[in-house]
Structure formats: C-alpha cells, structure tokens
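**Q** Below is a structure I'd like to ask you about.
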Amino acid sequence: MPPAGSLAGRLEGRLEGLWQLASLAELAILAACLGGALGLTWLLRGAGRKPGGIWFGDRLIDGVLFPVLALGAVLLARLLMPAELPQAVLRLAVPVLMSLCAIRIGVRVLRVAFPQSHAVRIVERWLSWLVWLCLVLWLTGLLPVVLDELEAITWTVGGSQISLRSVIEGALSAVVVLVLVLWLSAAIEGRLLAGVSEAGFSGSVSLRKIAANATRALLLVVGLLFALSAAGIPLTALSVLGGAIGVGIGLGLQKLAANYVSGFVLLAEGSLRIGDMVEVDGFEGRITDISTRYTVIRALNGRESIVPNEMMITQRVVSMTMSDTRINGTTVVQVAYDTDVDALIPRLVEVVAGIDRVLTDPAPWVSLTSFADSGIELTIGFWIRDPHNGLGGVRSAVNLAVLRTLNALDVEIPYPQQVHREPRPPRPPGVVVPAGGAAPLSPAPAPSE
C-alpha cells in the first residue's frame with residue numbers, strides 16, 4: 001500500500017471514499033440537487049426560449065444559471081450533512097460543478113459580447129480543455145507538482161525575476177477580469193437596447209446605441225487597467241504604451257481613429273439613424289447598424305454593404321427618410337391621340353389612389369408630359385410611406401391597375417408607328433428612262449432578217 005501522504009496514496013484514498021455505503025446516500029443527494037436546479041431553471045426561464053441571454057442559453061442546461069444553482073445546492077447540502085460522514089461524492093462534485101460554471105460563464109459571455117465572431121468557438125474549445133485539464137490535475141493531485149515546476153522556471157526582466165507560474169496566474173487573472181467586464185457591458189447594452197427592434201418602439205435608437213458603445217468602450221478600458229494590475233504590470237508603464245499608440249495613430253492609424261470618432265459623431269448628431277433609407281457610393285439600402293468603425297447598409301435584394309464611418313461624413317449621402325419617410329414614384333403610359341384625356345385622367349387618379357400602399361395625402365397625380373410619335377404620353381405619380389419595403393412592388397400594382405382600367409374603358413395603347421417605304425420594282429430590260437421624269441421609252445424593235 002502506498003504511503004498516505006504520497007500522490008498515489010491521496011488518489012487511492014479518494015477512490016476508496018467513493019466505494020463506501022454512504023456514497024449511495026450522497027449520490028441520491030447529488031441527484032436531488034441537480035434535479036432541483038434543473039426544475040428551478042425551467043421555472044425561471046419559462047416555456048419560451050430567451051436567446052442571446054447569459055443566464056439562459058439556447059437549451060435548458062447550457063446557460064449559466066443551471067450550474068450556479070447546482071453548485072449552490074451541493075454546497076448547502078455539504079453544510080447540512082453530519083460531519084462524521086465522508087462526503088466523498090459531494091466533495092468531488094464541487095470542483096466539477098465549479099469547472100462547469102467557469103466554462104459556461106466564459107462561453108455565454110463571449111457569445112453575447114461577440115455574436116458574429118467565428119473565433120469564439122475556437123476560444124470556447126480551448127477554454128473547455130483548459131478548465132477540464134486543471135480539474136483532472138487537481139483530482140489526481142498533480143496540480144501542486146505542476147505549480148512547483150512552473151515556479152522553478154524563472155527569468156530576469158528589467159532587474160526583477162519573474163517565474164512562469166506568476167505569468168500564467170497573471171494572464172488568467174486578466175482573462176477573468178476581462179470576462180467579468182464583458183459580462184457587465186453586455187448586460188448594460190442589452191438593457192439599453194431592449195425593445196429597439198419592436199414595432200411600437202418610440203425612443204431614440206441612435207442615443208441608445210451611442211450610450212451602449214460608449215459604455216462598452218469605457219468598461220473595456222477600465223477592465224484592461226485592472227487586468228494589467230492583476231497581471232503584475234505597473235500602470236506607470238502605460239505612459240510608454242500611450243506614446244507608442246500616439247505615434248501609431250500619427251503614422252498609420254489615422255483612418256481607424258477617424259472611423260472610430262466618426263461613428264460617435266453619426267450617432268450623436270442624428271443625421272443618419274438606424275432604419276434610414278440611404279444611398280452611398282451608388283449603393284442603396286436601409287441602415288441596419290452603426291458600429292464604432294463602420295455602418296452596415298442592407299439593400300432590398302439582401303446584399304449588405306459595410307461602409308466606413310468616415311465615408312458617411314466626408315462624402316455625399318442621399319437620405320430618403322431623413323425628415324420625411326414619404327417618397328415619390330412614377331410610371332409612364334401612352335394612349336392614342338383620339339383618347340378623351342380629360343375624362344381619362346380623373347379615372348386613373350381614382351384607380352391609383354385605391355392601391356394599398358399608395359398614400360391619399362399627397363394624392364396621386366397624372367399629367368400629360370409629351371406628344372410622342374405613337375401617342376400621348378401620360379406620367380402617373382404616387383407617394384408611399386414605407387420605402388424600406390421597396391418601390392418595385394407598388395409600381396407593378398399601379399401598372400396592373402392602369403392596364404385594367406384602360407382595357408375596361410377601351411382606351412387604345414398605340415403600337416409604335418413608323419413609315420415603311422416599299423422598294424421600286426425593277427425595270428424591264430431595254431427600257432430607257434429619259435431625264436426630267438418623262439415617261440419611259442419603249443424598247444427599240446429588233447431588226448428584221
């Protein structure tokens with residue numbers, strides 16, 4: 001039998017504790033704790049899903065709330081159990097649940113803070129492997145040995161001796177601080193932007209967006225300072241870093257700084273808002289997001305254009321919904337010259353005004369714009385209030401209504417008329433055409449033999 005204080009002795013002692021008869025009761029208590037945590041999570045979550053949250057994941061057990069409740073229940077059960085019981089199962093369940101909490105918190109915070117990042121899944125995988133590896137080292141008793149070996153690896157930097165263990169612990173402390181800061185910023189941002197996508201929202205989206213961006217930037221700066229302090233880096237060293245950043249901005253980061261500042265200017269002055277229909281550099285669409293560096297414009301065909309914020313300020317931007325969401329559309333039709341235009345125009349105005357998306361104020365209008373080669377050209381104008389739904393559908397509805405009206409009134413839509421000249425027939429052989437347009441002369445008789 002190995003000594004009790006050795007690594008093998010500690011591991012054998014933990015395994016022997018799991019095979020005792022009292023472990024069956026501990027397993028029942030652990031199952032009750034897990035079941036209670038699962039039921040309480042289901043009650044707090046409700047029947048509907050709450051995607052995008054930190055406490056509640058896409059499924060019932062992949063959020064942060066379930067492992068936190070289970071860990072709290074197991075710790076409470078350990079306090080209430082008699083001291084003479086070995087508590088081998090519950091003692092083993094605590095680090096497992098703590099590891100699960102660490103993984104769930106890191107994963108959910110990263111998914112909420114960076115929802116569109118593809119690198120998040122890679123970070124999640126490495127985070128899970130790291131946490132479970134630390135758990136295995138602790139359970140097997142190898143963790144103190146590994147820490148001692150890391151402490152023995154040292155090097156000198158600037159006259160001070162640094163060990164590999166202190167660097168790793170400082171990096172982990174910095175990661176923990178940054179995760180907590182991202183958690184707090186995501187919660188504040190979610191609270192600020194709550195209800196923005198709903199139809200009846202009447203607040204200022206731009207002001208809430210700039211408040212969310214400024215809050216996240218401020219918290220990240222503060223979290224970075226605390227993370228550097230936790231890693232053992234003095235804050236006085238940031239003076240050199242600040243000088244380097246200033247030189248970098250002066251040499252090659254002017255565009256990045258300009259786009260960052262332009263994003264706050266756009267949101268602050270309100271000249272362009274989320275939801276506006278704009279045209280920038282020949283691309284027309286609806287603004288769906290204004291971030292700190294770029295603006296996302298989505299066209300009606302589904303394509304998206306990522307425009308730097310500096311371009312939105314320095315170049316001309318055509319806004320179709322800045323002061324008024326109503327836009328005008330036109331279509332053209334030709335009728336025959338013998339049409340009673342005075343009676344036709346009021347009828348067309350009435351028909352176009354009855355289409356769903358066409359506004360009655362301003363009312364549709366029909367004007368005689370030109371006398372074309374084939375007929376009279378009429379221009380039909382109308383107004384709509386929802387340009388984000390596109391103009392092609394309502395223009396098609398107007399054209400169909402006009403066509404039905406013209407067919408019902410027997411109004412002719414003329415075909416293109418062109419003068420067609422028939423070619424002259426070829427002259428018979430021997431016919432002579434004299435000058436001056438006289439009648440052609442008959443051919444001379446053939447000589448007699």
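Residue numbers start at 1 in each chain; chains themselves are named A, B, ... in the order of the structure tokens; ligands are numbered from 1 in the order shown.
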Just the residues within 9 Å of Ile355 (chain A), please, counting only C-alpha atoms, with nothing from its chain fewer than 6 positions along; format it as an MDAnalysis selection string.

**A** chainID A and resid 394 397:398 401

**Q** Within region 66-167 of chain A, find each residue whose DSSP state, derived from the backbone, is strand (DSSP E or B), and express the selection as a list in words.

**A** Thr154, Trp155, Thr156, Val157, Ser160, Gln161, Ile162 and Ser163 of chain A

**Q** Can you list, as a PyMOL selection string, all residues belonging to region 312-431 of chain A that DSSP tags as helix (DSSP H, G or I)?

**A** chain A and resi 312-314+341-353+387-389+392-408

**Q** Which residues come within 10 Å of Leu71 (chain A), counting only C-alpha atoms, excluding same-chain residues fewer than 3 positions away, as a PyMOL selection string?

**A** chain A and resi 33-34+37+65-68+74-77+93-98+100-101

**Q** How many Å separate CA of Gly275 (chain A) from CA of Leu391 (chain A)?

**A**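 CA of Leu391 (chain A) lies at a distance of 16.4 Å from CA of Gly275 (chain A).
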
**Q** Nearest to Asn301 (chain A) among A:Leu359, A:Asn389, A:Asp148, A:Asp338, with distances taken over only C-alpha atoms: which residue is it?

**A**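 Among the listed residues, the smallest separation from Asn301 (chain A) belongs to A:Asn389.
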
**Q** Would you please work out which residue, of A:Asp340, A:Ile384, A:Phe283, A:Val278, is nearest to Asn328 (chain A) when using only C-alpha atoms?

**A**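 Looking only at the distances to Asn328 (chain A), the closest residue turns out to be A:Ile384.
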
**Q** Compile the contact shell of region 316-325 of chain A as a list in words: residues with an atom at most 8 Å away, counting only C-alpha atoms, same-chain residues fewer than 3 positions apart removed.

**A**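 Result of the neighbour search: Ser271, Leu272, Asp276, Met277, Val278, Glu279, Val280, Asp281, Met312, Ile313, Arg385, Asp386 and Pro387 of chain A.
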
**Q** Output C-alpha atoms for every residue in that selection, as a PDB file, in the first residue's frame.

**A**
```
ATOM      1  CA  SER A 271     -28.067  62.989 -39.180  1.00  0.00           C
ATOM      2  CA  LEU A 272     -28.185  59.285 -40.035  1.00  0.00           C
ATOM      3  CA  ASP A 276     -32.998  55.239 -42.660  1.00  0.00           C
ATOM      4  CA  MET A 277     -33.018  54.540 -46.396  1.00  0.00           C
ATOM      5  CA  VAL A 278     -29.827  55.965 -47.891  1.00  0.00           C
ATOM      6  CA  GLU A 279     -27.677  55.799 -50.999  1.00  0.00           C
ATOM      7  CA  VAL A 280     -23.906  55.855 -50.550  1.00  0.00           C
ATOM      8  CA  ASP A 281     -21.426  55.475 -53.389  1.00  0.00           C
ATOM      9  CA  MET A 312     -20.591  58.616 -44.218  1.00  0.00           C
ATOM     10  CA  ILE A 313     -19.338  62.031 -43.046  1.00  0.00           C
ATOM     11  CA  ARG A 385     -44.643  55.848 -46.742  1.00  0.00           C
ATOM     12  CA  ASP A 386     -42.610  52.615 -46.451  1.00  0.00           C
ATOM     13  CA  PRO A 387     -39.596  52.853 -48.773  1.00  0.00           C
TER      14      PRO A 387
END
```

**Q** In terms of the shortest atom-to-atom distance over only C-alpha atoms, which of A:Arg125, A:Arg395, A:Arg91, A:His388 is closest to Thr331 (chain A)?

**A**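 Under the stated criterion, the closest residue is A:Arg395.
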
**Q** How many Å separate CA of Glu124 (chain A) from CA of Leu38 (chain A)?

**A**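 Here the two named atoms are 23.2 Å from each other.
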